[in-house]
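> Handing you this structure, nothing more for now.
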Amino acid sequence: MKTMNILATALAASMLAACTEEIEMRRPPKYEMPELPIIEGIHTFKAPMYWSVYEYCYEQEQNGVANENMDITPAEWDKIIDWVATDLKPYGYDMVCTDGFIPMLAKDATGYMTHYGSMSLKDLVAKAKAKGLKVGVYDNPLWIHGPGETIVEGTTYTFNNLYYNGQTEIMNPSAQNMWFNWVVAENPGAREYIDGFFKHYKELGIEYIRMDFLSWYEDGKDRNIGVVGHGYGHESYARALSYIAESANKYGIFTSLVMPHLYNDAEVETRYGNMVRIVADTAGGGWWHCSDADRGKSYTTWPNCMNMFDGFTYWSHISGRDKVILDGDFIRLNKFSTDAEKQSVVSLQLMAGGPVTVADQYYTIGDNLKFYTNSELLALNADRFVGKPVSDNLNEQNTPVWYGQLSDGNYVIGIFNRDDRSNSVSVNFGDLGISGQWQVRDLWSHTDEGSMSAITATIQPHGCKIIKLSK
């Protein structure tokens, strides 16, 4: 066990980081921004709380199942929806969401996605609605699913007119347009196609769209793979997101932006998205994805950070109440080793104002449900609480402190220990701008700890202490 004063350590670390910032705190580069519209009132949502198919699909892929052979049958969806409605919905988890992997099929005249594998989205919405749940869909309004001769509603253009046609400047002229059939924002009919996409989902009863691989559209590059496509340019990307925000706002649909480069300090994404991914994919999950992967490092392109703690810390300056929501990706509690780690990963999302996205399946959750259903902690989500770290420097101490104010004037402080050994930590509330004596309540032990102006606590390895201060 080691003892530290958290704010003194933060000051020393920030001085050290000033010398190493170019190596360890690299920000995405700037570029010339076009004139773009401002879409009013898009940052009014709270972070979603929902269940995702991600773990099922990921494990299928790891076991060698080809994507085109993956599926979730209607009968299996019934089991999933019954479980979510029974065990999670009472605590605020009000949605089930598809993801990638499984074929996304367009089976009607609209040309937009209608089926997720064998499951009709219309039927999935009906199943979920019968249990008081909503459905979120993994799809991208810049992807073309339907036949090329499909007419874009309200125009004389077809889907074929939306593809790259050689007339638009691209960043990787010699590259093949791999992986996805992209809509090019500058092409005639693109804006109407995007509007039709959101109209289609609104009519189906979908209120949440998770939009992936955005960096691949913007410059056609992936830090881990290399060149993955044409790259339609920063201006085209910004224009596309403005069309997306315009239509999503029109139809009242929440947009989750995934795999963005976040150039210009996330200027485009914070203007046009409701939520933005700030960390690499969950993949195998566990403490590695939560804290240890490439710890203390940042990169200039997607993914900027490889673990949740670093992602939330690095991008904390762009979030806040009535600002873009930071997304730490899915949680797989069954992949964590200790109760302390499970408390930490759920607490981190809530302290940062992010979503709590359950990826455990009904047959893998084990006895971990209690970590997802702590009502005192989940109250932060309902309040639209967004906390901040004492420092956003990635080379800070092993015991970061997050804090923020609830809408009723009370405060919440989170003390985390990313180290492999116990830490004794002292936090003076006044150093956080919280003066005077406060009644302290531990939100995991559900105990009142008395009136204090400071706190000293011993935090387990990979553990946390979350306290609420009230008058």
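Ordering of the structure tokens sets the chain letters (A, B, ...), residue numbers begin anew at 1 in every chain, and ligands are numbered from 1 in the order given.
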Quick check for you: according to DSSP on this backbone, which residues of region 273-443 of chain A are classed as helix (DSSP H, G or I)? Reply as a ChimeraX atom specification.

/A:286-292,308-314,316-318,333-335,339-351,369-372,375-382,429-432

> Quick one: everything within 7 Å of Glu55 (chain A), counting only C-alpha atoms, minus sequence neighbours fewer than 2 positions away in the same chain. Send it as a ChimeraX atom specification.

/A:53,57-59,359-360

> Based on the selection just made, write all heavy atoms of those residues as a compact mmCIF listing (two decimals), in the first residue's frame.


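Generated file (part26.txt):
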```
# COMPACT_ATOMS: atom_id res chain seq x y z
N VAL A 53 -26.02 -6.46 -28.38
CA VAL A 53 -25.69 -7.81 -28.83
C VAL A 53 -24.18 -8.01 -28.97
O VAL A 53 -23.73 -9.11 -29.33
CB VAL A 53 -26.34 -8.13 -30.20
CG1 VAL A 53 -27.84 -7.95 -30.14
CG2 VAL A 53 -25.74 -7.26 -31.31
N CYS A 57 -21.95 -11.41 -30.65
CA CYS A 57 -21.37 -11.37 -31.99
C CYS A 57 -19.85 -11.47 -31.94
O CYS A 57 -19.24 -12.19 -32.74
CB CYS A 57 -21.78 -10.08 -32.69
SG CYS A 57 -23.56 -9.94 -33.00
N TYR A 58 -19.24 -10.77 -31.01
CA TYR A 58 -17.78 -10.80 -30.90
C TYR A 58 -17.29 -12.21 -30.62
O TYR A 58 -16.32 -12.67 -31.25
CB TYR A 58 -17.32 -9.84 -29.80
CG TYR A 58 -15.82 -9.85 -29.59
CD1 TYR A 58 -14.98 -9.11 -30.40
CD2 TYR A 58 -15.25 -10.62 -28.57
CE1 TYR A 58 -13.59 -9.13 -30.22
CE2 TYR A 58 -13.88 -10.66 -28.37
CZ TYR A 58 -13.06 -9.91 -29.20
OH TYR A 58 -11.70 -9.93 -29.02
N GLU A 59 -17.93 -12.89 -29.69
CA GLU A 59 -17.50 -14.24 -29.35
C GLU A 59 -17.74 -15.22 -30.52
O GLU A 59 -16.94 -16.13 -30.74
CB GLU A 59 -18.23 -14.73 -28.09
CG GLU A 59 -17.77 -14.01 -26.82
CD GLU A 59 -16.29 -14.21 -26.53
OE1 GLU A 59 -15.76 -15.31 -26.79
OE2 GLU A 59 -15.64 -13.25 -26.07
N ALA A 359 -23.18 -5.38 -22.20
CA ALA A 359 -22.95 -6.33 -23.29
C ALA A 359 -22.95 -7.77 -22.79
O ALA A 359 -22.89 -8.69 -23.60
CB ALA A 359 -21.65 -6.01 -24.01
N ASP A 360 -23.01 -7.98 -21.49
CA ASP A 360 -23.16 -9.33 -20.97
C ASP A 360 -24.47 -9.92 -21.48
O ASP A 360 -25.47 -9.23 -21.62
CB ASP A 360 -23.19 -9.32 -19.44
CG ASP A 360 -21.97 -8.67 -18.83
OD1 ASP A 360 -21.95 -7.42 -18.74
OD2 ASP A 360 -21.04 -9.39 -18.47
```

> Which residues, written as a list in words, have at least one atom at most 8 Å from region 174-187 of chain A, with only C-alpha atoms counted and residues fewer than 4 positions away on the same chain left out?

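After dropping sequence-adjacent residues, the list is Leu142, Trp143, Ile144, His145, Asn161, Leu162, Tyr163, Tyr164, Thr168, Arg191, Tyr217, Val227, Val228, Gly229, His230, Tyr232, Ser236, Tyr237, Arg239 and Ala240 of chain A.
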
> May I have the residues from that selection written out with C-alpha atoms, as a JSON list (two decimals), in the first residue's frame?


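Result saved to again-v9.json:
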```
[["chain", "number", "residue", "atom", "x", "y", "z"],
["A", 142, "LEU", "CA", -23.66, 6.97, -45.32],
["A", 143, "TRP", "CA", -23.93, 3.23, -46.12],
["A", 144, "ILE", "CA", -25.92, 1.92, -49.08],
["A", 145, "HIS", "CA", -27.67, -1.41, -48.52],
["A", 161, "ASN", "CA", -25.82, 8.30, -58.22],
["A", 162, "LEU", "CA", -24.69, 8.35, -54.59],
["A", 163, "TYR", "CA", -21.46, 6.40, -55.10],
["A", 164, "TYR", "CA", -18.09, 7.95, -55.82],
["A", 168, "THR", "CA", -15.09, 14.38, -56.39],
["A", 191, "ARG", "CA", -28.93, 14.90, -48.59],
["A", 217, "TYR", "CA", -15.14, 7.92, -44.67],
["A", 227, "VAL", "CA", -5.50, 2.63, -46.05],
["A", 228, "VAL", "CA", -9.05, 1.28, -46.06],
["A", 229, "GLY", "CA", -10.75, 3.37, -48.74],
["A", 230, "HIS", "CA", -10.92, 6.49, -50.84],
["A", 232, "TYR", "CA", -13.64, 11.74, -49.13],
["A", 236, "SER", "CA", -17.08, 16.21, -47.19],
["A", 237, "TYR", "CA", -17.11, 14.54, -43.78],
["A", 239, "ARG", "CA", -20.94, 18.27, -44.65],
["A", 240, "ALA", "CA", -22.16, 14.70, -44.24]]
```

> Would you mind listing what lies within 8 Å of region 455-462 of chain A as an NGL selection string, with only C-alpha atoms counted and same-chain residues fewer than 2 positions away left out?

:A and (340-341 or 344 or 415-429 or 452-453 or 464-465)

> Based on the backbone DSSP call, show me all residues of region 213-453 of chain A assigned strand (DSSP E), as a PDB file with C-alpha atoms, in the first residue's frame.


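Writing the result to out.pdb gives the following:
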```pdb
ATOM      1  CA  LYS A 221      -7.280   5.485 -43.091  1.00  0.00           C
ATOM      2  CA  ASP A 222      -7.137   3.398 -39.950  1.00  0.00           C
ATOM      3  CA  GLY A 226      -3.629   1.445 -42.948  1.00  0.00           C
ATOM      4  CA  VAL A 227      -5.504   2.632 -46.046  1.00  0.00           C
ATOM      5  CA  PHE A 254     -30.287  10.094 -31.036  1.00  0.00           C
ATOM      6  CA  THR A 255     -26.996   9.749 -32.944  1.00  0.00           C
ATOM      7  CA  SER A 256     -23.997   7.861 -31.603  1.00  0.00           C
ATOM      8  CA  LEU A 257     -20.806   8.624 -33.578  1.00  0.00           C
ATOM      9  CA  MET A 275     -22.609  11.046 -28.400  1.00  0.00           C
ATOM     10  CA  VAL A 276     -19.073  10.234 -29.547  1.00  0.00           C
ATOM     11  CA  ARG A 277     -16.812   7.209 -28.977  1.00  0.00           C
ATOM     12  CA  ILE A 325     -21.775  12.786 -24.444  1.00  0.00           C
ATOM     13  CA  LEU A 326     -18.569  10.719 -24.226  1.00  0.00           C
ATOM     14  CA  ASP A 327     -18.965   7.020 -25.015  1.00  0.00           C
ATOM     15  CA  VAL A 356     -23.941   2.367 -19.322  1.00  0.00           C
ATOM     16  CA  THR A 357     -24.057  -0.249 -22.065  1.00  0.00           C
ATOM     17  CA  VAL A 358     -24.526  -3.819 -20.893  1.00  0.00           C
ATOM     18  CA  LYS A 388     -14.464  16.011 -14.603  1.00  0.00           C
ATOM     19  CA  PRO A 389     -11.065  14.670 -13.572  1.00  0.00           C
ATOM     20  CA  VAL A 401     -10.114  11.846  -8.806  1.00  0.00           C
ATOM     21  CA  TRP A 402     -13.286  12.833 -10.655  1.00  0.00           C
ATOM     22  CA  TYR A 403     -15.879  15.245  -9.325  1.00  0.00           C
ATOM     23  CA  GLY A 404     -18.941  17.217 -10.374  1.00  0.00           C
ATOM     24  CA  GLN A 405     -22.161  18.855  -9.231  1.00  0.00           C
ATOM     25  CA  TYR A 411     -21.637  17.009  -5.323  1.00  0.00           C
ATOM     26  CA  VAL A 412     -20.282  13.603  -6.247  1.00  0.00           C
ATOM     27  CA  ILE A 413     -16.592  12.670  -5.957  1.00  0.00           C
ATOM     28  CA  GLY A 414     -15.074   9.524  -7.407  1.00  0.00           C
ATOM     29  CA  ILE A 415     -11.644   8.290  -6.283  1.00  0.00           C
ATOM     30  CA  PHE A 416     -10.206   5.549  -8.520  1.00  0.00           C
ATOM     31  CA  ASN A 423      -3.532   3.263  -2.196  1.00  0.00           C
ATOM     32  CA  SER A 424      -4.373   5.491   0.743  1.00  0.00           C
ATOM     33  CA  VAL A 425      -5.721   8.756  -0.646  1.00  0.00           C
ATOM     34  CA  SER A 426      -6.623  12.087   0.964  1.00  0.00           C
ATOM     35  CA  VAL A 427      -8.865  14.595  -0.796  1.00  0.00           C
ATOM     36  CA  ASN A 428      -9.591  18.056   0.620  1.00  0.00           C
ATOM     37  CA  TRP A 438     -20.697  18.235   3.921  1.00  0.00           C
ATOM     38  CA  GLN A 439     -22.620  15.104   4.803  1.00  0.00           C
ATOM     39  CA  VAL A 440     -20.786  12.227   3.108  1.00  0.00           C
ATOM     40  CA  ARG A 441     -22.469   9.089   1.775  1.00  0.00           C
ATOM     41  CA  ASP A 442     -20.691   6.144   0.140  1.00  0.00           C
ATOM     42  CA  THR A 447     -23.597   4.108   4.247  1.00  0.00           C
ATOM     43  CA  ASP A 448     -23.493   7.609   5.705  1.00  0.00           C
ATOM     44  CA  GLU A 449     -20.028   8.560   6.904  1.00  0.00           C
ATOM     45  CA  GLY A 450     -20.715  11.801   8.766  1.00  0.00           C
ATOM     46  CA  SER A 451     -19.950  15.494   8.276  1.00  0.00           C
ATOM     47  CA  MET A 452     -16.584  16.221   6.624  1.00  0.00           C
TER      48      MET A 452
END
```

> As an exercise, work out the distance from CA of Tyr138 (chain A) to CA of Asp78 (chain A) in Å and give it to one decimal place.

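Atom-to-atom, CA of Tyr138 (chain A) to CA of Asp78 (chain A), that is 19.3 Å.
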
> Nearest to Glu35 (chain A): which of A:Ala238, A:Met49, A:Ile72, A:Leu133 is it, counting only C-alpha atoms?

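Of A:Ala238, A:Met49, A:Ile72, A:Leu133, the one nearest Glu35 (chain A) is A:Ala238, counting only C-alpha atoms.
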
> Which of these, A:Val152, A:Ala245, A:Ile365, A:Met119, has the shortest distance to Leu88 (chain A) once you count only C-alpha atoms?

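The shortest atom-to-atom distance to Leu88 (chain A) comes from A:Ile365.
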
> Near Ala66 (chain A), counting only C-alpha atoms, which residues have an atom at most 12 Å away, once you skip same-chain residues fewer than 4 positions from it, shown as a ChimeraX atom specification?

/A:57-62,70-71,101-103

> Find the distance between CA of Arg210 (chain A) and CA of Asp99 (chain A) and write it in Å to one decimal.

8.0 Å
